[in-house]
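One file, input-v5.cif, carrying mmCIF, C-alpha atoms:
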data_run
#
loop_
_atom_site.label_atom_id
_atom_site.label_comp_id
_atom_site.auth_asym_id
_atom_site.auth_seq_id
_atom_site.Cartn_x
_atom_site.Cartn_y
_atom_site.Cartn_z
CA MET A 1 49.80 37.55 38.46
CA SER A 2 51.08 34.83 40.80
CA LEU A 3 49.34 31.77 42.20
CA ASP A 4 48.21 32.27 45.78
CA ILE A 5 50.34 29.63 47.51
CA PRO A 6 51.79 30.54 50.95
CA ASP A 7 55.57 30.65 51.34
CA ILE A 8 56.76 28.44 54.19
CA TYR A 9 60.03 27.05 55.53
CA LEU A 10 59.86 23.95 53.31
CA LYS A 11 61.19 23.82 49.77
CA ARG A 12 58.48 23.80 47.11
CA VAL A 13 57.95 20.99 44.63
CA ILE A 14 55.54 21.50 41.75
CA ILE A 15 54.04 18.41 40.13
CA ILE A 16 52.36 18.88 36.76
CA GLY A 17 49.80 16.09 36.37
CA GLY A 18 47.62 14.05 38.73
CA GLY A 19 48.03 10.67 37.06
CA PHE A 20 49.59 7.51 38.46
CA ALA A 21 53.10 9.02 38.62
CA GLY A 22 52.01 12.34 40.07
CA ILE A 23 49.95 10.77 42.85
CA GLU A 24 52.67 8.37 43.97
CA LEU A 25 55.27 11.13 43.85
CA ALA A 26 53.18 13.50 45.97
CA LYS A 27 52.53 10.80 48.57
CA HIS A 28 56.26 10.21 48.99
CA LEU A 29 57.06 13.93 49.32
CA LYS A 30 54.41 14.95 51.84
CA ASP A 31 56.73 15.16 54.87
CA SER A 32 59.75 16.77 53.19
CA PHE A 33 58.38 19.49 50.89
CA GLN A 34 55.54 21.84 50.19
CA VAL A 35 53.84 20.06 47.29
CA VAL A 36 51.82 21.96 44.68
CA MET A 37 49.99 19.84 42.10
CA ILE A 38 48.79 21.39 38.84
CA ASP A 39 46.26 19.60 36.63
CA ARG A 40 43.69 20.67 34.05
CA ASN A 41 41.16 18.39 35.78
CA ASN A 42 40.38 18.16 39.49
CA TYR A 43 40.32 14.38 39.38
CA HIS A 44 42.50 11.35 38.72
CA THR A 45 41.38 9.06 35.88
CA PHE A 46 41.90 5.31 35.89
CA GLN A 47 42.61 5.12 32.18
CA PRO A 48 42.72 1.28 31.81
CA LEU A 49 38.92 1.21 32.20
CA LEU A 50 38.05 4.07 29.85
CA TYR A 51 36.98 1.54 27.22
CA GLN A 52 34.26 0.28 29.61
CA VAL A 53 32.90 3.80 29.96
CA ALA A 54 32.90 4.09 26.15
CA THR A 55 30.95 0.83 25.76
CA ALA A 56 28.39 1.55 28.50
CA GLY A 57 29.82 -0.94 30.98
CA ILE A 58 30.40 1.50 33.83
CA GLU A 59 29.75 5.17 34.55
CA PRO A 60 32.64 7.67 34.40
CA ASP A 61 32.40 8.56 38.09
CA SER A 62 33.41 4.96 38.85
CA ILE A 63 36.90 5.45 37.42
CA VAL A 64 37.66 9.01 38.54
CA PHE A 65 38.54 10.29 42.00
CA PRO A 66 38.91 13.88 43.29
CA LEU A 67 42.57 14.83 43.67
CA ARG A 68 41.83 16.98 46.69
CA LYS A 69 40.26 13.97 48.38
CA VAL A 70 43.29 11.78 47.61
CA PHE A 71 45.43 14.19 49.63
CA ALA A 72 42.93 15.19 52.29
CA GLY A 73 44.78 15.74 55.55
CA TYR A 74 48.15 16.44 53.89
CA GLU A 75 49.22 19.63 55.68
CA HIS A 76 51.55 21.02 53.03
CA PHE A 77 49.77 19.85 49.87
CA HIS A 78 48.08 22.34 47.55
CA PHE A 79 46.11 21.65 44.38
CA ARG A 80 45.34 24.12 41.62
CA MET A 81 43.16 23.34 38.63
CA ALA A 82 45.14 24.98 35.84
CA GLU A 83 46.96 24.47 32.55
CA ALA A 84 50.75 24.55 32.57
CA GLU A 85 51.74 26.88 29.73
CA GLU A 86 55.48 27.54 29.90
CA LEU A 87 58.57 26.96 32.00
CA PHE A 88 61.27 29.54 32.74
CA PRO A 89 64.06 27.33 34.11
CA GLU A 90 66.52 30.20 34.57
CA LYS A 91 64.07 31.86 36.99
CA ASN A 92 62.55 28.67 38.47
CA ILE A 93 59.10 29.88 37.44
CA LEU A 94 56.14 28.00 35.97
CA LYS A 95 53.57 30.00 34.03
CA THR A 96 49.99 28.69 34.06
CA ASN A 97 46.73 30.05 32.68
CA ILE A 98 45.87 31.36 36.17
CA GLY A 99 49.22 32.84 37.14
CA GLU A 100 52.90 32.20 37.79
CA ILE A 101 54.54 30.27 40.60
CA LYS A 102 58.13 29.79 41.75
CA TYR A 103 59.56 26.37 42.57
CA ASP A 104 62.61 24.66 43.97
CA HIS A 105 61.97 21.43 42.08
CA LEU A 106 59.50 20.80 39.26
CA ILE A 107 58.34 17.41 38.03
CA ILE A 108 56.50 16.93 34.75
CA ALA A 109 54.05 14.05 35.07
CA SER A 110 51.71 15.28 32.36
CA GLY A 111 51.15 11.88 30.78
CA SER A 112 50.42 11.31 27.11
CA ASP A 113 47.93 12.19 24.43
CA THR A 114 46.80 10.60 21.19
CA SER A 115 49.30 10.61 18.33
CA TYR A 116 48.09 10.61 14.73
CA PHE A 117 51.58 10.46 13.23
CA GLY A 118 51.04 13.73 11.39
CA MET A 119 47.84 12.65 9.61
CA GLU A 120 45.62 15.69 10.07
CA GLU A 121 42.58 14.14 8.39
CA LEU A 122 42.58 11.29 10.90
CA ARG A 123 42.89 13.72 13.80
CA LYS A 124 39.80 15.58 12.63
CA LYS A 125 37.59 12.63 11.74
CA SER A 126 38.50 9.71 14.04
CA MET A 127 37.49 9.08 17.64
CA PRO A 128 40.28 9.05 20.27
CA MET A 129 39.91 7.61 23.76
CA LYS A 130 42.48 9.07 26.16
CA SER A 131 40.18 10.95 28.54
CA VAL A 132 36.79 10.66 30.23
CA ARG A 133 35.36 13.27 27.86
CA GLU A 134 36.53 11.33 24.84
CA ALA A 135 35.17 8.06 26.26
CA LEU A 136 31.77 9.71 26.83
CA ASP A 137 31.85 11.11 23.29
CA LEU A 138 32.50 7.62 21.97
CA ARG A 139 29.67 6.15 24.06
CA SER A 140 27.25 8.77 22.74
CA CYS A 141 28.50 8.22 19.19
CA ILE A 142 27.97 4.46 19.38
CA LEU A 143 24.44 4.79 20.78
CA GLU A 144 23.50 7.61 18.41
CA ASN A 145 24.64 5.48 15.48
CA PHE A 146 22.09 2.81 16.35
CA GLU A 147 19.33 5.33 16.97
CA MET A 148 20.02 6.71 13.49
CA ALA A 149 20.29 3.23 11.96
CA VAL A 150 16.71 2.51 13.04
CA THR A 151 15.42 5.50 11.07
CA VAL A 152 17.48 5.55 7.86
CA HIS A 153 16.15 3.85 4.73
CA ASP A 154 19.36 3.55 2.75
CA GLU A 155 20.88 0.12 3.42
CA LYS A 156 24.44 1.24 2.70
CA GLU A 157 24.17 4.12 5.16
CA ARG A 158 22.65 1.81 7.79
CA GLU A 159 25.54 -0.62 7.48
CA ALA A 160 28.04 2.24 7.74
CA LEU A 161 26.40 3.32 10.98
CA MET A 162 26.69 -0.25 12.29
CA THR A 163 30.32 -0.73 11.26
CA TYR A 164 33.18 0.07 13.65
CA VAL A 165 36.86 0.21 12.75
CA ILE A 166 39.43 0.22 15.55
CA CYS A 167 42.97 1.16 14.61
CA GLY A 168 45.60 -0.23 16.99
CA GLY A 169 46.09 -3.78 18.25
CA GLY A 170 47.44 -2.97 21.70
CA PRO A 171 45.51 -3.57 24.95
CA THR A 172 43.14 -0.64 24.35
CA GLY A 173 42.20 -1.76 20.84
CA VAL A 174 41.84 -5.41 21.80
CA GLU A 175 39.73 -4.69 24.87
CA LEU A 176 37.52 -2.22 23.01
CA ALA A 177 36.95 -4.68 20.14
CA GLY A 178 35.96 -7.38 22.63
CA ALA A 179 33.58 -5.05 24.46
CA LEU A 180 31.88 -4.04 21.20
CA ALA A 181 31.54 -7.70 20.24
CA GLU A 182 29.80 -8.41 23.55
CA LEU A 183 27.46 -5.48 23.01
CA LYS A 184 26.61 -6.91 19.61
CA ARG A 185 25.95 -10.37 21.00
CA HIS A 186 24.18 -9.72 24.30
CA VAL A 187 22.85 -6.17 24.57
CA LEU A 188 22.03 -4.44 21.29
CA PRO A 189 19.65 -7.15 19.95
CA LYS A 190 17.36 -6.47 22.93
CA ASP A 191 17.53 -2.70 22.51
CA TYR A 192 17.14 -2.66 18.73
CA PRO A 193 14.98 -5.59 17.63
CA GLU A 194 14.23 -3.70 14.39
CA LEU A 195 17.84 -4.05 13.27
CA ASP A 196 19.59 -7.09 11.85
CA LEU A 197 22.62 -7.11 14.16
CA LYS A 198 24.31 -9.72 11.98
CA LYS A 199 25.16 -6.79 9.74
CA MET A 200 27.06 -5.03 12.51
CA LYS A 201 30.77 -5.29 11.67
CA ILE A 202 33.76 -4.78 13.96
CA HIS A 203 37.21 -4.43 12.37
CA LEU A 204 40.47 -4.33 14.33
CA ILE A 205 43.43 -3.11 12.26
CA ASP A 206 47.10 -3.19 13.26
CA SER A 207 50.25 -2.49 11.27
CA GLY A 208 52.20 -5.23 13.05
CA ASP A 209 52.20 -8.95 12.41
CA ARG A 210 50.39 -9.76 15.67
CA LEU A 211 48.16 -8.25 18.35
CA LEU A 212 49.47 -7.25 21.79
CA ALA A 213 53.04 -6.91 20.55
CA ALA A 214 54.35 -6.30 24.08
CA MET A 215 53.25 -9.80 25.10
CA GLY A 216 54.41 -13.24 23.99
CA GLU A 217 53.34 -14.84 20.73
CA HIS A 218 51.10 -17.39 22.46
CA SER A 219 49.12 -14.65 24.23
CA SER A 220 48.90 -12.68 20.99
CA SER A 221 47.56 -15.63 19.02
CA LYS A 222 45.14 -16.49 21.83
CA ALA A 223 43.75 -12.95 21.87
CA LYS A 224 43.32 -13.06 18.09
CA MET A 225 41.53 -16.40 18.32
CA TYR A 226 39.16 -15.10 21.02
CA LEU A 227 38.30 -12.00 19.00
CA GLU A 228 37.68 -13.90 15.79
CA LYS A 229 35.41 -16.35 17.59
CA MET A 230 33.46 -13.34 18.85
CA GLY A 231 33.02 -12.11 15.28
CA VAL A 232 35.73 -9.43 15.11
CA ASN A 233 37.55 -9.07 11.79
CA VAL A 234 41.26 -8.82 12.65
CA TRP A 235 43.57 -7.28 10.05
CA LEU A 236 47.31 -7.62 10.63
CA ASN A 237 50.16 -6.11 8.62
CA ALA A 238 47.75 -3.37 7.63
CA ARG A 239 47.94 0.36 8.19
CA VAL A 240 45.23 3.00 8.02
CA THR A 241 46.29 5.75 5.64
CA GLY A 242 43.20 7.93 5.53
CA TYR A 243 39.64 8.52 6.68
CA ASP A 244 37.26 11.16 5.35
CA GLY A 245 34.43 10.46 7.77
CA THR A 246 32.92 7.77 5.56
CA ILE A 247 35.66 5.60 4.04
CA VAL A 248 38.64 4.11 5.89
CA LYS A 249 41.56 3.53 3.52
CA THR A 250 44.44 1.16 4.19
CA MET A 251 47.91 0.87 2.67
CA ASN A 252 46.98 -2.27 0.72
CA GLY A 253 44.07 -0.54 -1.02
CA THR A 254 41.25 -2.02 1.04
CA GLU A 255 38.43 0.35 1.92
CA VAL A 256 35.79 0.08 4.66
CA ASN A 257 32.56 2.06 4.68
CA THR A 258 32.00 3.26 8.25
CA LYS A 259 30.81 6.27 10.21
CA THR A 260 33.13 5.49 13.12
CA LEU A 261 36.89 5.07 13.17
CA ILE A 262 38.29 4.65 16.69
CA TRP A 263 41.95 5.61 16.95
CA ALA A 264 44.02 3.61 19.46
CA ALA A 265 47.21 3.37 17.43
CA GLY A 266 49.67 5.72 19.07
CA VAL A 267 50.49 8.06 21.94
CA MET A 268 52.72 11.08 22.35
CA GLY A 269 53.95 12.94 25.41
CA ASN A 270 52.36 16.16 26.64
CA PHE A 271 55.41 18.36 26.06
CA ILE A 272 55.57 21.76 27.78
CA LYS A 273 57.08 24.91 26.30
CA GLY A 274 60.32 26.01 27.94
CA ILE A 275 61.91 22.60 28.33
CA PRO A 276 65.35 22.57 26.64
CA GLY A 277 64.93 21.54 23.02
CA THR A 278 67.79 19.06 23.31
CA ALA A 279 65.67 17.04 25.75
CA LYS A 280 62.82 16.52 23.28
CA VAL A 281 62.80 13.16 21.52
CA GLY A 282 60.44 11.41 19.11
CA GLY A 283 56.85 11.18 20.24
CA ALA A 284 57.17 14.49 22.13
CA ARG A 285 58.73 12.72 25.09
CA ILE A 286 61.35 14.24 27.40
CA LYS A 287 64.79 12.66 27.67
CA VAL A 288 65.79 12.00 31.28
CA ASP A 289 68.76 10.43 33.05
CA GLU A 290 68.70 7.41 35.38
CA PHE A 291 67.28 9.63 38.15
CA ASN A 292 64.47 10.96 35.93
CA ARG A 293 66.18 14.35 35.78
CA ILE A 294 65.61 16.18 32.49
CA GLU A 295 68.74 16.26 30.38
CA GLY A 296 70.67 19.49 30.77
CA THR A 297 68.88 20.66 33.94
CA GLU A 298 69.42 20.47 37.69
CA ASN A 299 65.97 20.68 39.26
CA LEU A 300 63.59 19.64 36.47
CA TYR A 301 62.32 16.07 36.22
CA ALA A 302 59.92 14.01 34.13
CA VAL A 303 58.15 10.78 35.10
CA GLY A 304 55.59 8.48 33.55
CA ASP A 305 54.45 8.43 29.93
CA VAL A 306 56.13 11.71 29.06
CA ALA A 307 59.58 10.57 30.26
CA PHE A 308 62.05 8.91 27.90
CA LEU A 309 64.63 6.91 29.83
CA VAL A 310 67.07 4.71 27.96
CA ASN A 311 69.19 1.97 29.53
CA ASP A 312 70.60 -1.42 28.55
CA ALA A 313 67.32 -3.19 29.31
CA TYR A 314 65.19 -0.63 27.44
CA PRO A 315 67.26 0.84 24.58
CA LYS A 316 64.09 2.32 23.01
CA GLY A 317 62.72 3.72 26.23
CA HIS A 318 60.38 2.26 28.80
CA PRO A 319 56.81 1.26 27.90
CA GLN A 320 54.16 3.92 28.49
CA VAL A 321 52.16 1.92 31.04
CA ALA A 322 50.89 2.58 34.55
CA GLN A 323 53.47 0.43 36.37
CA VAL A 324 56.38 2.40 34.93
CA ALA A 325 54.71 5.66 36.02
CA ILE A 326 54.00 4.37 39.52
CA GLN A 327 57.52 3.04 40.06
CA GLN A 328 59.16 6.20 38.69
CA GLY A 329 57.01 8.35 40.96
CA ILE A 330 57.97 6.31 44.01
CA ASN A 331 61.67 6.24 43.14
CA LEU A 332 61.91 9.98 42.47
CA GLY A 333 59.90 10.77 45.61
CA ASN A 334 62.27 8.70 47.73
CA ASN A 335 65.31 10.31 46.08
CA LEU A 336 64.12 13.88 46.60
CA GLY A 337 63.19 13.07 50.16
CA SER A 338 66.70 11.86 50.89
CA GLY A 339 68.28 15.24 50.08
CA ASN A 340 70.20 16.77 47.21
CA GLN A 341 73.24 14.50 47.34
CA LEU A 342 73.12 12.29 44.25
CA THR A 343 75.35 9.76 46.02
CA ARG A 344 72.32 8.86 48.12
CA TRP A 345 69.99 8.61 45.16
CA LYS A 346 68.87 5.33 43.66
CA LYS A 347 68.88 4.90 39.92
CA PHE A 348 65.53 3.95 38.45
CA SER A 349 65.19 0.28 37.62
CA TYR A 350 61.89 -0.95 36.24
CA HIS A 351 60.51 -4.16 37.71
CA ASP A 352 58.14 -5.53 35.09
CA LYS A 353 55.21 -7.07 36.96
CA GLY A 354 53.65 -8.36 33.77
CA SER A 355 51.09 -7.49 31.12
CA MET A 356 47.45 -8.36 30.68
CA ALA A 357 44.44 -7.71 28.50
CA THR A 358 40.83 -8.83 28.66
CA ILE A 359 38.91 -9.74 25.53
CA GLY A 360 35.52 -10.31 27.13
CA ARG A 361 33.57 -12.47 29.51
CA ASN A 362 35.83 -15.29 30.78
CA LYS A 363 38.47 -14.37 28.20
CA ALA A 364 41.78 -12.68 29.00
CA VAL A 365 45.52 -13.14 28.63
CA VAL A 366 47.99 -12.57 31.48
CA GLU A 367 51.76 -12.71 31.48
CA THR A 368 54.00 -12.27 34.53
CA LYS A 369 57.52 -13.39 35.34
CA TYR A 370 56.20 -16.55 36.96
CA LEU A 371 52.87 -17.12 35.23
CA LYS A 372 51.43 -17.14 31.74
CA THR A 373 47.77 -17.98 31.48
CA GLN A 374 44.68 -17.41 29.34
CA GLY A 375 40.95 -17.87 29.69
CA VAL A 376 38.83 -17.74 32.85
CA PHE A 377 41.69 -17.72 35.36
CA ALA A 378 43.42 -14.90 33.50
CA TRP A 379 40.12 -12.99 33.41
CA LEU A 380 39.75 -13.28 37.19
CA ILE A 381 43.33 -12.06 37.67
CA TRP A 382 42.65 -9.12 35.34
CA MET A 383 39.55 -8.13 37.34
CA PHE A 384 41.32 -8.41 40.70
CA ILE A 385 44.32 -6.30 39.61
CA HIS A 386 42.16 -3.57 38.10
CA LEU A 387 39.95 -3.38 41.18
CA LEU A 388 43.06 -3.24 43.38
CA PHE A 389 44.53 -0.24 41.57
CA LEU A 390 41.32 1.79 41.31
CA VAL A 391 41.56 4.87 43.52
CA GLY A 392 38.86 5.00 46.20
CA PHE A 393 37.00 2.28 48.08
CA ARG A 394 33.64 3.39 46.68
CA ASN A 395 34.90 3.08 43.11
CA ARG A 396 36.09 -0.47 43.74
CA ILE A 397 32.71 -1.48 45.18
CA VAL A 398 30.69 0.20 42.42
CA VAL A 399 32.78 -1.30 39.60
CA PHE A 400 32.75 -4.75 41.20
CA PHE A 401 28.96 -4.80 41.52
CA ASN A 402 28.54 -3.45 37.99
CA TRP A 403 30.69 -6.31 36.71
CA LEU A 404 28.85 -8.83 38.88
CA ILE A 405 25.39 -7.75 37.73
CA SER A 406 26.46 -7.62 34.08
CA TYR A 407 27.96 -11.08 34.34
CA PHE A 408 24.70 -12.67 35.42
CA ASN A 409 22.14 -10.69 33.42
CA TYR A 410 24.17 -10.12 30.23
CA ASP A 411 23.27 -6.45 30.29
CA ARG A 412 24.86 -3.01 30.54
CA GLY A 413 22.71 -0.40 32.23
CA MET A 414 24.55 2.78 31.22
CA ARG A 415 23.25 3.08 27.66
CA LEU A 416 22.38 6.75 28.07
CA ILE A 417 23.05 9.61 25.68
CA ILE A 418 23.54 12.24 28.36
CA ARG A 419 25.76 14.48 26.26
CA PRO A 420 25.01 14.17 22.53
CA PHE A 421 28.07 13.81 20.35
CA LYS A 422 28.54 16.29 17.51
CA ARG A 423 30.56 15.00 14.61
CA LYS A 424 33.38 17.18 13.29
CA GLU A 425 32.69 18.65 9.89
#
Using the file provided, produce a representation of the structure as structure tokens.
Amino acid sequence: MSLDIPDIYLKRVIIIGGGFAGIELAKHLKDSFQVVMIDRNNYHTFQPLLYQVATAGIEPDSIVFPLRKVFAGYEHFHFRMAEAEELFPEKNILKTNIGEIKYDHLIIASGSDTSYFGMEELRKKSMPMKSVREALDLRSCILENFEMAVTVHDEKEREALMTYVICGGGPTGVELAGALAELKRHVLPKDYPELDLKKMKIHLIDSGDRLLAAMGEHSSSKAKMYLEKMGVNVWLNARVTGYDGTIVKTMNGTEVNTKTLIWAAGVMGNFIKGIPGTAKVGGARIKVDEFNRIEGTENLYAVGDVAFLVNDAYPKGHPQVAQVAIQQGINLGNNLGSGNQLTRWKKFSYHDKGSMATIGRNKAVVETKYLKTQGVFAWLIWMFIHLLFLVGFRNRIVVFFNWLISYFNYDRGMRLIIRPFKRKE
């Protein structure tokens, strides 16, 4: 069975993935190719704000946007909601769960997924947060924990329900720990007056010697100071080695009794069957050249989190962040649009626009080439940048007003268990 896409005079480009890289790439190819986008979801997700969905700050429809609407009016753009299953490079065919389709060029922009570093027990028992579904599961889990804590009589079980362990001291872990601390301070005491919220514990564990390792030491120490002032227990030079659903174990022998371990410690590429095995590197990423062409191929490319591009500036590969994905999508789109002559193509060069993380109300750290700042000013910059990159005018307005209302009334109005979370046995 083949996908029902009309054959026209233009060459066909298939893009697997509707993330930051895929969207930018498609926009830059609209006049030169027939573009077919394949994604398992019919929407784009603004992943940097997933933690706010998980902590009841905003609703999920504020950070997603329909892919068909992004490209409304694009004459030669086609979207199919499907799973890419296997490539047949020798035939220029992509097999999906709804049929096969031929291509002239194929770009893998499938992003990344959670990596558990081979620890199967952690995969089964911990809570990831890489998709809207997972963020909603975490929101339900957090709220259900407190509903259960009100009814249980065993003090040890109650404290386990009110204890949260976050593994991973990158931006996701730091921002999630700060959001939970604000829930503890401003929101949950009003919802659950029966509970002693002083017994709610938040632990942030990282195997490195500082938080936010991609940023400077001053920003790292500032983030740690903010979190500790908010009541978060920060553990550095520690590594989670096991979790059975009740006890978190670390490499130094420390154990924490908790019903919720949130895993934000690692990512891996979404590798697709059929890509030459020589192109696969650690973390299930795909090795590409300076033009984002997959090693050993002529018309296969990878961009974004799944791509592994090494150069003098990034000998261990580029960071798996949105700006890299956006810039790779733009660069490859411009190159393909200029024709097949590599002499016209521009090698990818990443322009680092900086890093940032928010810890909570009036607390953030921002680093750019020209500015390093913390506190209120950094927090305002963080809000502005995130609003700017949200897809859709409505989403920007909704998120802005949610933030504005929450800022003044110290509340979060999305504390709803719409889809109950079922723990894995």
Can you give me, as JSON, numbers by chain, the residues this file yields under the PyMOL selection byres ((chain A and resi 340) around 12)? {"A": [11, 104, 105, 291, 298, 299, 332, 334, 335, 336, 337, 338, 339, 341, 342, 343, 344, 345]}
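The two atoms in question, atom CA of A:Val306 and atom CA of A:Leu87, are spaced 15.7 Å apart.
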Selection result for the PyMOL selection byres ((chain A and resi 370) around 12) on this file, as a count of residues only: 11
Expansion of the PyMOL selection byres ((chain A and resi 421) around 7) into residues, as a compact mmCIF listing (two decimals) with C-alpha atoms, keeping the file's coordinate frame:
# COMPACT_ATOMS: atom_id res chain seq x y z
CA ASP A 137 31.85 11.11 23.29
CA SER A 140 27.25 8.77 22.74
CA CYS A 141 28.50 8.22 19.19
CA ARG A 419 25.76 14.48 26.26
CA PRO A 420 25.01 14.17 22.53
CA LYS A 422 28.54 16.29 17.51
CA ARG A 423 30.56 15.00 14.61
May I have the residues at most 9 Å from (39.9, 6.0, 37.4) in the file's coordinates, counting only C-alpha atoms, as a ChimeraX atom specification? /A:43-50,60-65,389-392,395
So how far away is atom CA of A:Arg12 from atom CA of A:Val35, in Å?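 Atom CA of A:Arg12 lies 6.0 Å from atom CA of A:Val35.
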Please return, as a compact mmCIF listing (two decimals) with C-alpha atoms, keeping the file's coordinate frame, all polymer residues that have at least one atom within 7 Å of the point (63.9, 13.6, 25.7); use all atoms listed in the file and the file's own coordinate frame.
# COMPACT_ATOMS: atom_id res chain seq x y z
CA ALA A 279 65.67 17.04 25.75
CA LYS A 280 62.82 16.52 23.28
CA VAL A 281 62.80 13.16 21.52
CA ARG A 285 58.73 12.72 25.09
CA ILE A 286 61.35 14.24 27.40
CA LYS A 287 64.79 12.66 27.67
CA VAL A 288 65.79 12.00 31.28
CA ALA A 307 59.58 10.57 30.26
CA PHE A 308 62.05 8.91 27.90
Given the choices A:Lys190, A:Lys249, A:Lys316, A:Lys27, which gets closest to A:Gly333 if the distance is worked out from only C-alpha atoms?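 Looking at the shortest contact to A:Gly333, the residue is A:Lys27.
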Work out how far atom CA of A:Ala177 is from atom CA of A:Leu227, in Å to one decimal.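 Computed distance, atom CA of A:Leu227 to atom CA of A:Ala177, equals 7.5 Å.
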Distance query A:Lys229 at most 10 Å, all atoms listed in the file, self and fewer than 5 positions along chain excluded, as an MDAnalysis selection string: chainID A and resid 181 223:224
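Proximity of A:Arg139, A:Lys125, A:Arg80, A:Lys259 to A:Ala160, computed with only C-alpha atoms, is greatest for A:Lys259.
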Restricting the calculation to only C-alpha atoms, which member of A:Asn362, A:Asn42, A:Thr246, A:Ser406 is positioned closest to A:Lys156?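 Smallest distance to A:Lys156 is found for A:Thr246.
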With a cut-off of 10 Å, could you pull out the residues of stretch 177-218 of chain A touching stretch 235-239 of chain A and give me the nearest pair of atoms for each, distance in Å to one decimal, using all atoms listed in the file, ordered by chain and ascending number, as JSON lines?
{"residue": "A:His203", "atom": "CA", "partner": "A:Trp235", "partner_atom": "CA", "distance": 7.3}
{"residue": "A:Leu204", "atom": "CA", "partner": "A:Trp235", "partner_atom": "CA", "distance": 6.1}
{"residue": "A:Ile205", "atom": "CA", "partner": "A:Trp235", "partner_atom": "CA", "distance": 4.7}
{"residue": "A:Asp206", "atom": "CA", "partner": "A:Leu236", "partner_atom": "CA", "distance": 5.2}
{"residue": "A:Ser207", "atom": "CA", "partner": "A:Asn237", "partner_atom": "CA", "distance": 4.5}
{"residue": "A:Gly208", "atom": "CA", "partner": "A:Asn237", "partner_atom": "CA", "distance": 5.0}
{"residue": "A:Asp209", "atom": "CA", "partner": "A:Asn237", "partner_atom": "CA", "distance": 5.2}
{"residue": "A:Arg210", "atom": "CA", "partner": "A:Leu236", "partner_atom": "CA", "distance": 6.3}
{"residue": "A:Leu211", "atom": "CA", "partner": "A:Leu236", "partner_atom": "CA", "distance": 7.8}
Tell me, as an MDAnalysis selection string, which residues lie within 8 Å of A:Asn292, counting only C-alpha atoms; anything in the same chain fewer than 5 positions away does not count. chainID A and resid 301:303 307 309 328 332 348
Expected file: the selected residues, C-alpha atoms, as a PDB file, in the frame of the given file:
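Written file, result35.pdb:
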ATOM      1  CA  TYR A 301      62.320  16.070  36.220  1.00  0.00           C
ATOM      2  CA  ALA A 302      59.920  14.010  34.130  1.00  0.00           C
ATOM      3  CA  VAL A 303      58.150  10.780  35.100  1.00  0.00           C
ATOM      4  CA  ALA A 307      59.580  10.570  30.260  1.00  0.00           C
ATOM      5  CA  LEU A 309      64.630   6.910  29.830  1.00  0.00           C
ATOM      6  CA  GLN A 328      59.160   6.200  38.690  1.00  0.00           C
ATOM      7  CA  LEU A 332      61.910   9.980  42.470  1.00  0.00           C
ATOM      8  CA  PHE A 348      65.530   3.950  38.450  1.00  0.00           C
TER       9      PHE A 348
END
Do you know which residues are at most 9 Å from A:Tyr116 counting all atoms listed in the file, after dropping those on the same chain fewer than 4 positions away, and could you put them as a ChimeraX atom specification? /A:120,122-123,263,265-268
Store the residues picked out above, limited to C-alpha atoms, as a PDB file, keeping the file's coordinate frame.
ATOM      1  CA  GLU A 120      45.620  15.690  10.070  1.00  0.00           C
ATOM      2  CA  LEU A 122      42.580  11.290  10.900  1.00  0.00           C
ATOM      3  CA  ARG A 123      42.890  13.720  13.800  1.00  0.00           C
ATOM      4  CA  TRP A 263      41.950   5.610  16.950  1.00  0.00           C
ATOM      5  CA  ALA A 265      47.210   3.370  17.430  1.00  0.00           C
ATOM      6  CA  GLY A 266      49.670   5.720  19.070  1.00  0.00           C
ATOM      7  CA  VAL A 267      50.490   8.060  21.940  1.00  0.00           C
ATOM      8  CA  MET A 268      52.720  11.080  22.350  1.00  0.00           C
TER       9      MET A 268
END
Compare A:Phe401, A:Leu3, A:Val240, A:Asn41 by their minimum atom-to-atom distance to A:Glu100, counting all atoms listed in the file, and give me the closest one. A:Leu3
So which residues touch A:His318 within 10 Å, counting only C-alpha atoms, skipping near sequence neighbours fewer than 2 positions away, as a compact mmCIF listing (two decimals) with C-alpha atoms, in the frame of the given file?
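Resulting contents of result_9.txt:
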# COMPACT_ATOMS: atom_id res chain seq x y z
CA GLY A 304 55.59 8.48 33.55
CA ASP A 305 54.45 8.43 29.93
CA ALA A 307 59.58 10.57 30.26
CA PHE A 308 62.05 8.91 27.90
CA LEU A 309 64.63 6.91 29.83
CA VAL A 310 67.07 4.71 27.96
CA ASN A 311 69.19 1.97 29.53
CA ALA A 313 67.32 -3.19 29.31
CA TYR A 314 65.19 -0.63 27.44
CA PRO A 315 67.26 0.84 24.58
CA LYS A 316 64.09 2.32 23.01
CA GLN A 320 54.16 3.92 28.49
CA VAL A 321 52.16 1.92 31.04
CA VAL A 324 56.38 2.40 34.93
CA ALA A 325 54.71 5.66 36.02
CA TYR A 350 61.89 -0.95 36.24
